[in-house]
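Have a look at start.txt; it's compact mmCIF, C-alpha atoms:
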# COMPACT_ATOMS: atom_id res chain seq x y z
CA MET A 268 -61.57 37.85 -34.38
CA ASN A 269 -62.82 39.22 -37.67
CA GLY A 270 -64.15 37.18 -40.58
CA PHE A 271 -60.91 37.27 -42.56
CA THR A 272 -58.89 35.94 -39.62
CA GLY A 273 -61.41 33.20 -38.88
CA LEU A 274 -61.53 32.21 -42.53
CA PHE A 275 -57.73 32.11 -42.77
CA LEU A 276 -57.52 29.84 -39.70
CA ALA A 277 -60.33 27.61 -40.96
CA ALA A 278 -58.69 27.28 -44.39
CA PHE A 279 -55.27 26.64 -42.86
CA LEU A 280 -56.57 23.93 -40.52
CA ALA A 281 -58.60 22.34 -43.31
CA ALA A 282 -55.41 21.81 -45.32
CA THR A 283 -53.60 20.00 -42.53
CA ILE A 284 -54.35 16.45 -41.48
CA LEU A 285 -56.95 17.81 -39.04
CA PRO A 286 -60.51 17.34 -40.28
CA PHE A 287 -62.06 20.79 -40.75
CA SER A 288 -64.35 22.40 -43.31
CA SER A 289 -63.41 25.84 -44.51
CA GLU A 290 -65.99 25.86 -47.30
CA ALA A 291 -68.83 26.38 -44.82
CA VAL A 292 -67.01 29.32 -43.25
CA LEU A 293 -66.34 30.83 -46.67
CA ALA A 294 -69.94 30.32 -47.79
CA GLY A 295 -71.25 31.91 -44.59
CA LEU A 296 -69.06 34.98 -44.97
CA ILE A 297 -70.01 35.37 -48.63
CA ALA A 298 -73.70 35.07 -47.77
CA GLU A 299 -73.30 37.62 -44.98
CA GLY A 300 -72.27 40.18 -47.58
CA SER A 301 -70.01 42.26 -45.32
CA TYR A 302 -66.76 41.29 -47.00
CA ALA A 303 -65.27 41.71 -50.45
CA VAL A 304 -65.85 38.39 -52.19
CA TRP A 305 -62.46 38.33 -53.92
CA GLY A 306 -60.79 39.21 -50.63
CA LEU A 307 -62.46 36.19 -49.04
CA TRP A 308 -61.34 34.03 -51.95
CA ALA A 309 -57.75 35.25 -51.58
CA VAL A 310 -57.66 34.74 -47.80
CA ALA A 311 -59.14 31.24 -48.07
CA THR A 312 -56.75 30.29 -50.85
CA VAL A 313 -53.65 31.62 -49.07
CA GLY A 314 -54.62 29.93 -45.79
CA ASN A 315 -55.31 26.60 -47.45
CA VAL A 316 -52.15 26.71 -49.55
CA LEU A 317 -50.04 27.53 -46.49
CA GLY A 318 -51.57 24.55 -44.69
CA ALA A 319 -50.57 22.36 -47.64
CA VAL A 320 -47.06 23.82 -47.48
CA VAL A 321 -46.89 22.74 -43.83
CA ASN A 322 -47.80 19.21 -44.96
CA TRP A 323 -45.09 19.30 -47.65
CA VAL A 324 -42.50 20.47 -45.11
CA LEU A 325 -43.57 17.79 -42.61
CA GLY A 326 -43.30 15.16 -45.32
CA ARG A 327 -39.95 16.49 -46.45
CA TRP A 328 -38.36 16.56 -43.02
CA CYS A 329 -40.04 13.80 -41.07
CA LEU A 330 -38.28 11.11 -43.09
CA HIS A 331 -35.30 11.72 -40.83
CA TRP A 332 -37.16 9.59 -38.30
CA GLN A 333 -38.58 6.94 -40.63
CA TYR A 334 -36.70 4.11 -38.94
CA LYS A 335 -37.92 4.94 -35.44
CA LYS A 336 -40.58 2.63 -33.99
CA TRP A 337 -42.93 5.53 -33.31
CA PHE A 338 -42.81 6.86 -36.89
CA PRO A 339 -46.44 6.79 -38.11
CA PHE A 340 -45.72 5.59 -41.68
CA LYS A 341 -44.28 2.21 -42.49
CA GLU A 342 -41.99 1.44 -45.40
CA LYS A 343 -44.92 -0.06 -47.33
CA ASP A 344 -46.86 3.21 -46.94
CA LEU A 345 -43.96 5.18 -48.38
CA GLU A 346 -43.57 2.70 -51.24
CA LYS A 347 -47.30 2.97 -51.97
CA ALA A 348 -47.05 6.77 -52.13
CA ASP A 349 -44.00 6.48 -54.40
CA LYS A 350 -45.82 4.12 -56.78
CA TRP A 351 -48.89 6.37 -56.80
CA PHE A 352 -46.80 9.41 -57.70
CA ALA A 353 -44.87 7.38 -60.27
CA LYS A 354 -48.16 6.43 -61.93
CA TRP A 355 -49.93 9.79 -61.76
CA GLY A 356 -47.00 12.20 -61.48
CA VAL A 357 -46.97 15.64 -59.96
CA TRP A 358 -50.25 16.38 -61.77
CA SER A 359 -51.95 14.45 -58.99
CA LEU A 360 -51.36 17.56 -56.88
CA LEU A 361 -54.27 19.09 -58.78
CA LEU A 362 -56.37 16.78 -56.58
CA SER A 363 -55.00 18.40 -53.42
CA TRP A 364 -58.35 20.16 -52.98
CA VAL A 365 -60.27 16.87 -52.63
CA PRO A 366 -61.38 16.07 -49.06
CA VAL A 367 -59.72 13.05 -47.43
CA ILE A 368 -57.13 12.39 -50.19
CA GLY A 369 -55.83 15.92 -50.74
CA ASP A 370 -53.92 16.25 -47.48
CA PRO A 371 -52.09 12.91 -47.83
CA ILE A 372 -51.15 13.87 -51.40
CA THR A 373 -49.44 17.04 -50.17
CA LEU A 374 -47.69 15.10 -47.40
CA ALA A 375 -46.54 12.46 -49.90
CA ALA A 376 -45.20 15.20 -52.17
CA GLY A 377 -42.90 16.20 -49.34
CA PHE A 378 -41.88 12.59 -48.66
CA LEU A 379 -40.99 12.19 -52.29
CA ARG A 380 -39.16 15.51 -52.45
CA ILE A 381 -41.32 16.93 -55.23
CA ASN A 382 -39.86 20.26 -56.32
CA PHE A 383 -41.34 22.93 -54.05
CA TRP A 384 -42.12 25.43 -56.81
CA ILE A 385 -43.93 22.85 -58.92
CA PHE A 386 -45.78 21.70 -55.79
CA LEU A 387 -46.74 25.26 -54.90
CA SER A 388 -47.93 26.14 -58.40
CA LEU A 389 -50.18 23.10 -58.72
CA VAL A 390 -51.58 23.44 -55.20
CA ILE A 391 -52.42 27.13 -55.76
CA ILE A 392 -54.32 26.20 -58.93
CA ALA A 393 -56.18 23.36 -57.21
CA LYS A 394 -57.11 25.13 -54.00
CA GLY A 395 -57.82 28.49 -55.60
CA GLY A 396 -60.04 26.73 -58.11
CA ARG A 397 -62.01 24.99 -55.37
CA TYR A 398 -62.69 28.25 -53.54
CA ALA A 399 -63.65 29.95 -56.82
CA VAL A 400 -66.27 27.23 -57.33
CA VAL A 401 -67.58 27.67 -53.77
CA LEU A 402 -67.76 31.41 -54.38
CA ALA A 403 -69.64 30.91 -57.67
CA VAL A 404 -72.11 28.45 -56.12
CA VAL A 405 -72.92 30.68 -53.16
CA GLN A 406 -73.41 33.67 -55.45
CA GLY A 407 -75.68 31.62 -57.71
CA LEU A 408 -73.33 31.79 -60.65
CA LEU A 409 -73.22 27.99 -60.99
Translate the structure described by the file into structure tokens.
Amino acid sequence: MNGFTGLFLAAFLAATILPFSSEAVLAGLIAEGSYAVWGLWAVATVGNVLGAVVNWVLGRWCLHWQYKKWFPFKEKDLEKADKWFAKWGVWSLLLSWVPVIGDPITLAAGFLRINFWIFLSLVIIAKGGRYAVVLAVVQGLL
């Protein structure tokens, strides 16, 4: 497995509900110096955004089973997400890069049927921005 593939997988997994840190992988590959920095940024961003898209799709389609006993979210959880989005709006997707809260935000966006193209645009900005900051820090630019 090459560095780009490993980074893509790390970034993808980090955007799902699985706990994983892609920033360390990105920082290590940047420090190694064998890869084009902007290529690493692009691969990390695409992987992380695609992971968020999976969350959106899961949120969008899993509501078909919301009344089953085994469904992991209760009605009060869905109402809480709805109120949160009503208060903060789709702009809260700019926080999708934040550890712990970012993944539930992307899942909730699917639950609430946030327009996919708006979702995608805001998530690209958020996640691409995070990796740009990691890149700048590792290179000593910040």
When you look at Gly395 of chain A with a cut-off of 8 Å (counting all atoms listed in the file), what residues show up, excluding the ones that are within fewer than 2 positions of it in the same chain? I need them as a PDB file with C-alpha atoms, in the coordinates of the input.
ATOM      1  CA  TRP A 308     -61.340  34.030 -51.950  1.00  0.00           C
ATOM      2  CA  ALA A 309     -57.750  35.250 -51.580  1.00  0.00           C
ATOM      3  CA  THR A 312     -56.750  30.290 -50.850  1.00  0.00           C
ATOM      4  CA  ILE A 391     -52.420  27.130 -55.760  1.00  0.00           C
ATOM      5  CA  ILE A 392     -54.320  26.200 -58.930  1.00  0.00           C
ATOM      6  CA  ALA A 393     -56.180  23.360 -57.210  1.00  0.00           C
ATOM      7  CA  ARG A 397     -62.010  24.990 -55.370  1.00  0.00           C
ATOM      8  CA  TYR A 398     -62.690  28.250 -53.540  1.00  0.00           C
ATOM      9  CA  ALA A 399     -63.650  29.950 -56.820  1.00  0.00           C
TER      10      ALA A 399
END
Residues near segment 341-353 of chain A, cut-off 12 Å, only C-alpha atoms, skip fewer than 5 positions along chain, as a compact mmCIF listing (two decimals) with C-alpha atoms, in the coordinates of the input:
# COMPACT_ATOMS: atom_id res chain seq x y z
CA GLY A 326 -43.30 15.16 -45.32
CA CYS A 329 -40.04 13.80 -41.07
CA LEU A 330 -38.28 11.11 -43.09
CA TRP A 332 -37.16 9.59 -38.30
CA GLN A 333 -38.58 6.94 -40.63
CA TYR A 334 -36.70 4.11 -38.94
CA LYS A 335 -37.92 4.94 -35.44
CA LYS A 336 -40.58 2.63 -33.99
CA TRP A 358 -50.25 16.38 -61.77
CA SER A 359 -51.95 14.45 -58.99
CA LEU A 360 -51.36 17.56 -56.88
CA ILE A 368 -57.13 12.39 -50.19
CA PRO A 371 -52.09 12.91 -47.83
CA ILE A 372 -51.15 13.87 -51.40
CA THR A 373 -49.44 17.04 -50.17
CA LEU A 374 -47.69 15.10 -47.40
CA ALA A 375 -46.54 12.46 -49.90
CA ALA A 376 -45.20 15.20 -52.17
CA GLY A 377 -42.90 16.20 -49.34
CA PHE A 378 -41.88 12.59 -48.66
CA LEU A 379 -40.99 12.19 -52.29
CA ARG A 380 -39.16 15.51 -52.45
CA ILE A 381 -41.32 16.93 -55.23
Review point. Between A:Leu361, A:Leu387, A:Ala294, A:Ala277, which has the minimum distance to Val324 of chain A (counting only C-alpha atoms)?
Key: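 Nearest candidate to Val324 of chain A out of A:Leu361, A:Leu387, A:Ala294, A:Ala277: A:Leu387.
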Practice item. Rank nothing, just name the residue among A:Val320, A:Leu280, A:Val405, A:Leu325 nearest to Val304 of chain A, using only C-alpha atoms. Key: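 Of A:Val320, A:Leu280, A:Val405, A:Leu325, the one nearest Val304 of chain A is A:Val405, counting only C-alpha atoms.
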**Study point:** 12 Å contact set for Phe271 of chain A, all atoms listed in the file, chain neighbours under 5 positions out, as a PyMOL selection string
**Key:** chain A and resi 276-278+289+292-293+295-297+301-314
Check your understanding: Looking at all atoms listed in the file, which of A:Gly407, A:Ala319, A:Gly273, A:Glu299 is the one that sits closest to Ser388 of chain A?
Key -> A:Ala319
Exercise for review: Just give me the gap between atom CA of Thr272 of chain A and atom CA of Pro366 of chain A in Å, one decimal is fine.
Suggested key: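 Separating atom CA of Thr272 of chain A from atom CA of Pro366 of chain A is a distance of 22.1 Å.
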Review point. Which one of A:Trp337, A:Trp323, A:Phe383, A:Phe275 sits closest to Gly369 of chain A if you count only C-alpha atoms?
Key: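 Going through A:Trp337, A:Trp323, A:Phe383, A:Phe275 one by one, the smallest distance to Gly369 of chain A is for A:Trp323.
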Point to revise | Of the listed residues A:Gly396, A:Val390, A:Leu274, A:Glu290, that which approaches Val316 of chain A most closely, counting only C-alpha atoms | key: A:Val390
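The spacing separating atom CA of Leu285 of chain A from atom CA of Lys394 of chain A amounts to 16.7 Å.
Picture a line from atom CA of Phe287 of chain A to atom CA of Trp384 of chain A; it runs 26.0 Å.
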